[in-house]
Amino acid sequence: MAATPQTLSSFFRIAFGRDEGFVCIAAIPPGMKGIEERYFLWPRQEGDMIQHILSTQGAYNMYFCPQLLDRPTRKKEKVRYCPSAWADLDACTPDKMMVEPTVIVESSQGRYQALWSFEGPVPPSEGESVSRRIAYYHAHHGADQSGWDLTQLLRIPGTMNYKYDPPQEVRLLDANRKRYRVSEFSEYPEVFNTSLLTLPMPEQEALPTTDPLDLLQRYRRSLNPKAFLLFDTEPPPNAWSEALWSLSLLLFEAGMDREEVFHITSAAKCNKYDRDNKPPMYLWRDVCRAFLRHQENSNVIVTPSEQPDLLSEEEIRWAESQETFVERYTSWASGLGDAATQYHPAGAFIILSSLLGGRVRLPTSFGIVGLNLWFMILADTTLTRKSTAMDIAIDLLAIVDEDAILATDGSIEGLMTGLQGRSNRPSVFLRDEFSGLIEQMTKKDYYAGMMEVLTKLYDGKMQKRLLRKETITILNPVLILFAGGIKTKVQQLLTLEHIGSGFIPRFIFITADSAVARMQPLGPPTEKDYSGRDTLEAEMRDLYEHYVRVADFETRGQGFKVPMYRQWDATLTEQAWARYNKFEQEMMQAGIDSGRPELMTPVYDRLSKSTLKAATLLAAARQRDETVVVEESDVVLGIYYCRGWRDYSNDVVNGVGKNAGERELEKVLNAIIRNPGITKSRLMQNYHLTAQTANAILTTLEQREVVTATRQGRGYTYYPTLGVT
């Protein structure tokens, strides 16, 4: 049906409602070269707009922009409202839509466009988000993946499509009065990074051949026990999507790749697509989305442009098949609560370091390497349960060797006084909120020099401090630091000097983000199973009794013996040294090749040494001989853990050194991300900003294209740019 004033008026009133804004009408000649845009204030200039279309359509392809604009210019930042969601369905037939369109247009034979009218105008970012989700969900049906962005042009029904010879009429197939809320599009999954959602589904040969349950068992050391329950239990009627999504995230968190997650979720009892007899491609797209969400949650920033894997595929498969004290502890601790699973290996290594440090040491060509390790576990909120994870490890250690726990707080004098007289004895300094200590060391005079002192204590160097009434002397210290904190706060307090001085590189960092999927509901008390703890306790006591052994030391020329604790010198085999040196060289090269070699080189250097310590601890923990021999396999296991530690270090270091201005920008940006549509006045009130400061911050964020400003009344509201999280 050719365009008439009545049909065009009905169409545009459905498309735009009665809200005010500028409408863009575009005319493109048949050769598709050049574009003429005219703007009309809707609804005041409805008649003029329709007259323009009718007078122009005989010689031009006619298009309209489905958003209302703030100004007569078709730019994303000038979009005022989205009266509807839109899609260039292309070859995708409208019957495949999960939400029925309000308007269906056939732009040419077998090609379609659609609109979904909202109950009221929605912010640009929300309208664009819905349109993008629709486009990418139906991409495999033939929908145009580039037809979802703001200021997209769609054909006007009743006009002619001059791309064909003879020209074809753009037909209005259906128009109804259905209106939707944004929440009614929840079935369309979120899209966080479109580049990975177009990945083709893997061929059958590329998928794992291992039985899904066996594959789960292979990752048991890092897998939240809830994953086994989700895999093997059919969810309640209204919880299928949530269960499948939670399972996918937990599998990615354990370190699986997309093919492994797809393989397991295909066999899971919560696979809603198998229940509904839908093609596997539906599940593959969900797996890719979960992978992108996992990347977003991890927020890992890789400093080098491309970091090589530190192990071969064969070495990774071998390491995953091994079960050491670390895996046994992680499996047990993961079942005690909803703390982030990646925290528990840190607790296991702290225990090994506390039991063996000072008793076992590693002589090298550069001197003696002690086996004390420093871990700092960081969180974004309390939901990660970092304190819980730390308490589990320390409580278990206290059962076997309570004397190893030195302190949970204290001044530099108090710490040094405690270390005095503890030569070669492991001393755990537990500090749950380490950011407070960093702040004290940075700002308070009487804490001056504490960072340097801690660094030297880590290295086992003799320390002597002169006080007014006494002299504190520390010989052969074995300081083990187990710290926690909120990641953003720690990053704000740290400076580049803290890295350059060597203090921060001595820590192994573990980070985790809050995940509701990990949370366990509050309920009645359950009967506790102590069998796992008893087994670990027995293994720890066996280690303690073997390595904490008294030997008689005969004094030279005195003729009598003095009881002393025996020390064990570990040795690396020739193959172990070769494998470690190869690994250390790769780490150093990665640091040099990074975008910030002055930071990453010392970080990777110390992380390499920490990996060597971890390998030696694993070797000592598996032996009960009169010698401690570190095999190549022990080094491979240490490197296996370092693969994750390196990523965590990248994440933390990349947030250090930002000046006050950058932090202010981040603070405001995070507020806009959390509260899309927040007004400038509210930002000024919440963050005590002057008009000048607020203007500078918001202008900078707009110029960086991380926020979009939309006029609302006399002021502006702010939305995060799509994809900014």
# chains A, B, ... in the order shown; residues from 1 in each chain; ligands from 1

call {"tool": "residues_around", "arguments": {"residues": "Val261 (chain A)", "least_positions_apart": "2", "cutoff": "10 Å", "atoms": "only C-alpha atoms", "output": "short mmCIF file (atom, residue, chain, number, x, y, z; two decimals) with N, CA and C atoms, in the first residue's frame"}}
result
data_model
loop_
_atom_site.label_atom_id
_atom_site.label_comp_id
_atom_site.auth_asym_id
_atom_site.auth_seq_id
_atom_site.Cartn_x
_atom_site.Cartn_y
_atom_site.Cartn_z
N LEU A 207 35.60 -30.47 20.88
CA LEU A 207 35.05 -30.58 22.23
C LEU A 207 35.79 -31.66 23.02
N PRO A 208 35.83 -31.54 24.35
CA PRO A 208 36.49 -32.56 25.17
C PRO A 208 35.84 -33.93 24.98
N PRO A 212 31.74 -35.70 31.22
CA PRO A 212 31.55 -34.42 31.93
C PRO A 212 31.79 -34.51 33.44
N LEU A 215 35.41 -34.62 34.07
CA LEU A 215 35.99 -33.29 33.85
C LEU A 215 35.75 -32.40 35.07
N LEU A 216 34.59 -32.51 35.67
CA LEU A 216 34.33 -31.76 36.91
C LEU A 216 35.29 -32.19 38.00
N LEU A 247 25.85 -22.08 37.08
CA LEU A 247 26.77 -23.18 36.81
C LEU A 247 27.86 -22.74 35.84
N SER A 248 27.48 -22.04 34.78
CA SER A 248 28.46 -21.60 33.79
C SER A 248 29.50 -20.68 34.43
N LEU A 249 29.05 -19.73 35.25
CA LEU A 249 29.99 -18.80 35.89
C LEU A 249 30.93 -19.52 36.83
N LEU A 250 30.42 -20.49 37.59
CA LEU A 250 31.27 -21.23 38.51
C LEU A 250 32.32 -22.05 37.76
N LEU A 251 31.94 -22.60 36.61
CA LEU A 251 32.89 -23.38 35.82
C LEU A 251 34.00 -22.49 35.26
N PHE A 252 33.63 -21.30 34.77
CA PHE A 252 34.65 -20.38 34.27
C PHE A 252 35.55 -19.91 35.41
N GLY A 255 38.45 -22.00 36.07
CA GLY A 255 39.54 -22.00 35.11
C GLY A 255 39.26 -22.76 33.82
N MET A 256 38.02 -23.17 33.60
CA MET A 256 37.70 -23.91 32.38
C MET A 256 37.61 -22.97 31.19
N ASP A 257 37.81 -23.54 29.98
CA ASP A 257 37.63 -22.74 28.77
C ASP A 257 36.20 -22.92 28.26
N ARG A 258 35.87 -22.21 27.17
CA ARG A 258 34.50 -22.22 26.68
C ARG A 258 34.05 -23.61 26.23
N GLU A 259 34.95 -24.35 25.58
CA GLU A 259 34.57 -25.68 25.10
C GLU A 259 34.28 -26.62 26.26
N HIS A 263 30.71 -28.34 27.11
CA HIS A 263 30.64 -29.80 27.23
C HIS A 263 29.91 -30.21 28.52
N ILE A 264 30.23 -29.54 29.61
CA ILE A 264 29.62 -29.89 30.90
C ILE A 264 28.17 -29.43 30.97
N THR A 265 27.90 -28.18 30.58
CA THR A 265 26.52 -27.67 30.67
C THR A 265 25.59 -28.41 29.72
N SER A 266 26.13 -28.97 28.62
CA SER A 266 25.28 -29.76 27.72
C SER A 266 24.71 -30.97 28.43
N TRP A 284 25.45 -22.64 23.31
CA TRP A 284 26.77 -22.08 23.02
C TRP A 284 26.77 -20.57 23.20
N VAL A 287 26.92 -19.79 26.82
CA VAL A 287 28.26 -20.04 27.35
C VAL A 287 29.18 -18.87 27.01
N CYS A 288 29.09 -18.35 25.79
CA CYS A 288 29.92 -17.21 25.41
C CYS A 288 29.57 -15.98 26.24
N ALA A 290 28.34 -16.02 29.29
CA ALA A 290 28.86 -16.25 30.65
C ALA A 290 30.36 -16.02 30.70
N PHE A 291 31.06 -16.38 29.64
CA PHE A 291 32.50 -16.14 29.58
C PHE A 291 32.80 -14.64 29.64
#

call {"tool": "atom_distance", "arguments": {"atom1": "CA of Asn161 (chain A)", "atom2": "CA of Ile25 (chain A)"}}
result
15.3 Å

call {"tool": "residues_around", "arguments": {"residues": "Val23 (chain A)", "least_positions_apart": "2", "cutoff": "6 Å", "atoms": "only C-alpha atoms", "output": "list in words"}}
result
Tyr39, Phe40 and Leu68 of chain A

call {"tool": "write_last_selection", "arguments": {"atoms": "N, CA and C atoms", "output": "compact mmCIF listing (two decimals), in the first residue's frame"}}
result
# COMPACT_ATOMS: atom_id res chain seq x y z
N TYR A 39 14.96 17.67 9.59
CA TYR A 39 14.52 17.47 10.98
C TYR A 39 13.20 18.19 11.23
N PHE A 40 12.33 17.50 11.99
CA PHE A 40 11.01 18.04 12.29
C PHE A 40 10.73 17.85 13.78
N LEU A 68 13.90 9.92 19.37
CA LEU A 68 13.63 11.35 19.45
C LEU A 68 14.91 12.06 19.87

call {"tool": "closest_atom_pairs", "arguments": {"of": "region 387-433 of chain A", "to": "region 461-464 of chain A", "cutoff": "12 Å", "atoms": "only C-alpha atoms", "output": "JSON lines"}}
result
{"residue": "A:Ile412", "atom": "CA", "partner": "A:Gln463", "partner_atom": "CA", "distance": 12.0}
{"residue": "A:Glu413", "atom": "CA", "partner": "A:Lys464", "partner_atom": "CA", "distance": 10.9}
{"residue": "A:Leu415", "atom": "CA", "partner": "A:Gln463", "partner_atom": "CA", "distance": 11.9}
{"residue": "A:Met416", "atom": "CA", "partner": "A:Gln463", "partner_atom": "CA", "distance": 8.6}
{"residue": "A:Thr417", "atom": "CA", "partner": "A:Lys464", "partner_atom": "CA", "distance": 10.6}
{"residue": "A:Leu419", "atom": "CA", "partner": "A:Gln463", "partner_atom": "CA", "distance": 10.0}
{"residue": "A:Gln420", "atom": "CA", "partner": "A:Gln463", "partner_atom": "CA", "distance": 9.5}
{"residue": "A:Gly421", "atom": "CA", "partner": "A:Met462", "partner_atom": "CA", "distance": 11.9}
{"residue": "A:Arg422", "atom": "CA", "partner": "A:Met462", "partner_atom": "CA", "distance": 11.9}
{"residue": "A:Ser423", "atom": "CA", "partner": "A:Met462", "partner_atom": "CA", "distance": 9.8}
{"residue": "A:Asn424", "atom": "CA", "partner": "A:Lys461", "partner_atom": "CA", "distance": 11.3}

call {"tool": "closest_residue", "arguments": {"among": "A:Ala135, A:Leu689, A:Ile480, A:Val668", "to": "Pro426 (chain A)", "atoms": "only C-alpha atoms"}}
result
A:Ile480

call {"tool": "residues_around", "arguments": {"residues": "Val105 (chain A)", "least_positions_apart": "4", "cutoff": "10 Å", "atoms": "only C-alpha atoms", "output": "VMD selection string"}}
result
chain A and resid 88 to 89 94 111 to 115 154 to 158 170 to 175

call {"tool": "write_last_selection", "arguments": {"atoms": "N, CA and C atoms", "output": "PDB file, in the first residue's frame"}}
result
ATOM      1  N   ASP A  88      16.818  -4.321  12.768  1.00  0.00           N
ATOM      2  CA  ASP A  88      16.865  -4.625  11.344  1.00  0.00           C
ATOM      3  C   ASP A  88      16.988  -6.141  11.253  1.00  0.00           C
ATOM      4  N   LEU A  89      15.847  -6.801  11.142  1.00  0.00           N
ATOM      5  CA  LEU A  89      15.827  -8.260  11.203  1.00  0.00           C
ATOM      6  C   LEU A  89      16.426  -8.904   9.965  1.00  0.00           C
ATOM      7  N   PRO A  94       9.868 -12.513  11.515  1.00  0.00           N
ATOM      8  CA  PRO A  94       9.350 -11.982  12.791  1.00  0.00           C
ATOM      9  C   PRO A  94       8.781 -13.038  13.726  1.00  0.00           C
ATOM     10  N   ARG A 111      12.810  -9.596   3.641  1.00  0.00           N
ATOM     11  CA  ARG A 111      13.651  -8.812   4.550  1.00  0.00           C
ATOM     12  C   ARG A 111      12.753  -7.981   5.448  1.00  0.00           C
ATOM     13  N   TYR A 112      13.110  -7.932   6.769  1.00  0.00           N
ATOM     14  CA  TYR A 112      12.166  -7.346   7.718  1.00  0.00           C
ATOM     15  C   TYR A 112      12.848  -6.363   8.675  1.00  0.00           C
ATOM     16  N   GLN A 113      12.020  -5.470   9.209  1.00  0.00           N
ATOM     17  CA  GLN A 113      12.402  -4.567  10.290  1.00  0.00           C
ATOM     18  C   GLN A 113      11.276  -4.580  11.314  1.00  0.00           C
ATOM     19  N   ALA A 114      11.598  -4.252  12.567  1.00  0.00           N
ATOM     20  CA  ALA A 114      10.573  -4.311  13.612  1.00  0.00           C
ATOM     21  C   ALA A 114      10.809  -3.234  14.664  1.00  0.00           C
ATOM     22  N   LEU A 115       9.704  -2.829  15.298  1.00  0.00           N
ATOM     23  CA  LEU A 115       9.736  -1.911  16.431  1.00  0.00           C
ATOM     24  C   LEU A 115       8.935  -2.521  17.573  1.00  0.00           C
ATOM     25  N   LEU A 154      15.921   3.349   9.625  1.00  0.00           N
ATOM     26  CA  LEU A 154      15.031   2.290   9.163  1.00  0.00           C
ATOM     27  C   LEU A 154      14.161   2.837   8.029  1.00  0.00           C
ATOM     28  N   ARG A 155      13.724   1.950   7.145  1.00  0.00           N
ATOM     29  CA  ARG A 155      12.905   2.381   6.008  1.00  0.00           C
ATOM     30  C   ARG A 155      11.485   2.742   6.453  1.00  0.00           C
ATOM     31  N   ILE A 156      10.902   3.689   5.727  1.00  0.00           N
ATOM     32  CA  ILE A 156       9.543   4.170   6.021  1.00  0.00           C
ATOM     33  C   ILE A 156       8.550   3.362   5.200  1.00  0.00           C
ATOM     34  N   PRO A 157       7.559   2.727   5.845  1.00  0.00           N
ATOM     35  CA  PRO A 157       6.579   1.932   5.084  1.00  0.00           C
ATOM     36  C   PRO A 157       5.785   2.803   4.106  1.00  0.00           C
ATOM     37  N   GLY A 158       5.466   2.184   2.970  1.00  0.00           N
ATOM     38  CA  GLY A 158       4.722   2.883   1.933  1.00  0.00           C
ATOM     39  C   GLY A 158       5.612   3.550   0.908  1.00  0.00           C
ATOM     40  N   VAL A 170       8.120  -0.851   0.249  1.00  0.00           N
ATOM     41  CA  VAL A 170       8.326  -1.133   1.673  1.00  0.00           C
ATOM     42  C   VAL A 170       6.949  -1.263   2.308  1.00  0.00           C
ATOM     43  N   ARG A 171       6.637  -2.481   2.788  1.00  0.00           N
ATOM     44  CA  ARG A 171       5.257  -2.752   3.201  1.00  0.00           C
ATOM     45  C   ARG A 171       5.134  -2.826   4.723  1.00  0.00           C
ATOM     46  N   LEU A 172       4.057  -2.265   5.230  1.00  0.00           N
ATOM     47  CA  LEU A 172       3.709  -2.393   6.651  1.00  0.00           C
ATOM     48  C   LEU A 172       2.895  -3.670   6.815  1.00  0.00           C
ATOM     49  N   LEU A 173       3.500  -4.690   7.436  1.00  0.00           N
ATOM     50  CA  LEU A 173       2.829  -5.984   7.574  1.00  0.00           C
ATOM     51  C   LEU A 173       1.922  -6.044   8.790  1.00  0.00           C
ATOM     52  N   ASP A 174       2.319  -5.376   9.863  1.00  0.00           N
ATOM     53  CA  ASP A 174       1.500  -5.439  11.081  1.00  0.00           C
ATOM     54  C   ASP A 174       1.792  -4.228  11.951  1.00  0.00           C
ATOM     55  N   ALA A 175       0.781  -3.723  12.584  1.00  0.00           N
ATOM     56  CA  ALA A 175       0.921  -2.630  13.556  1.00  0.00           C
ATOM     57  C   ALA A 175      -0.171  -2.798  14.586  1.00  0.00           C
TER      58      ALA A 175
END

call {"tool": "closest_residue", "arguments": {"among": "A:Ser353, A:Thr535, A:Asn686, A:Ser334", "to": "Ser610 (chain A)", "atoms": "only C-alpha atoms"}}
result
A:Ser353

call {"tool": "residues_around", "arguments": {"residues": "region 71-86 of chain A", "least_positions_apart": "5", "cutoff": "9 Å", "atoms": "only C-alpha atoms", "output": "PyMOL selection string"}}
result
chain A and resi 15-17+19+21-24+37-41+65-66+113-132+134-135+147-152+154+179-180+708-712

call {"tool": "write_last_selection", "arguments": {"atoms": "C-alpha atoms", "output": "short mmCIF file (atom, residue, chain, number, x, y, z; two decimals), in the first residue's frame"}}
result
data_model
loop_
_atom_site.label_atom_id
_atom_site.label_comp_id
_atom_site.auth_asym_id
_atom_site.auth_seq_id
_atom_site.Cartn_x
_atom_site.Cartn_y
_atom_site.Cartn_z
CA ALA A 15 6.52 4.75 16.58
CA PHE A 16 6.93 7.99 18.59
CA GLY A 17 3.87 8.40 20.80
CA ASP A 19 6.51 12.83 23.51
CA GLY A 21 11.65 15.71 20.26
CA PHE A 22 13.25 16.07 16.85
CA VAL A 23 12.66 13.37 14.23
CA CYS A 24 15.22 12.79 11.49
CA GLU A 37 18.58 14.81 6.30
CA ARG A 38 15.67 16.98 7.39
CA TYR A 39 14.52 17.47 10.98
CA PHE A 40 11.01 18.04 12.29
CA LEU A 41 9.89 18.80 15.84
CA CYS A 65 15.60 7.48 12.85
CA PRO A 66 13.43 5.71 15.49
CA GLN A 113 12.40 -4.57 10.29
CA ALA A 114 10.57 -4.31 13.61
CA LEU A 115 9.74 -1.91 16.43
CA TRP A 116 8.67 -2.62 20.00
CA SER A 117 6.95 0.43 21.50
CA PHE A 118 7.63 1.21 25.16
CA GLU A 119 4.96 2.28 27.64
CA GLY A 120 6.85 5.54 27.97
CA PRO A 121 10.12 6.92 26.61
CA VAL A 122 13.21 5.22 28.06
CA PRO A 123 16.79 6.49 28.38
CA PRO A 124 18.99 6.04 25.30
CA SER A 125 21.29 3.51 26.92
CA GLU A 126 18.39 1.27 27.93
CA GLY A 127 16.70 1.42 24.54
CA GLU A 128 19.98 0.66 22.77
CA SER A 129 20.72 -2.18 25.17
CA VAL A 130 17.39 -3.89 24.46
CA SER A 131 17.89 -3.47 20.71
CA ARG A 132 21.40 -4.89 20.87
CA ILE A 134 17.54 -8.62 20.29
CA ALA A 135 19.96 -8.26 17.37
CA GLY A 147 21.37 -2.65 13.20
CA TRP A 148 20.99 -2.01 16.91
CA ASP A 149 22.92 1.19 17.65
CA LEU A 150 21.48 4.62 18.36
CA THR A 151 20.71 6.84 15.32
CA GLN A 152 20.13 3.72 13.17
CA LEU A 154 15.03 2.29 9.16
CA ARG A 179 3.38 -1.39 24.71
CA TYR A 180 6.25 -2.87 26.73
CA THR A 708 26.47 10.08 27.70
CA ALA A 709 24.59 13.23 28.71
CA THR A 710 20.86 13.58 28.02
CA ARG A 711 18.86 16.73 28.58
CA GLN A 712 16.06 16.46 31.10
#

call {"tool": "residues_around", "arguments": {"residues": "region 267-270 of chain A", "least_positions_apart": "5", "cutoff": "8 Å", "atoms": "only C-alpha atoms", "output": "PyMOL selection string"}}
result
chain A and resi 212+230-235+240-241+243-244

call {"tool": "select_by_dssp", "arguments": {"residues": "region 28-83 of chain A", "states": "alpha helix (DSSP H)", "output": "list in words"}}
result
Glu46, Gly47, Asp48, Met49, Ile50, Gln51, His52, Ile53, Leu54, Ser55 and Thr56 of chain A

call {"tool": "residues_around", "arguments": {"residues": "Arg13 (chain A)", "least_positions_apart": "5", "cutoff": "10 Å", "atoms": "only C-alpha atoms", "output": "list of chain:residue names"}}
result
A:Leu8, A:Arg18, A:Asp19, A:Trp42, A:Pro43, A:Glu46

call {"tool": "select_by_dssp", "arguments": {"residues": "region 112-153 of chain A", "states": "strand (DSSP E or B)", "output": "VMD selection string"}}
result
chain A and resid 112 to 122

call {"tool": "closest_residue", "arguments": {"among": "A:Thr4, A:Thr601, A:Leu493, A:Arg218", "to": "Trp318 (chain A)", "atoms": "only C-alpha atoms"}}
result
A:Arg218
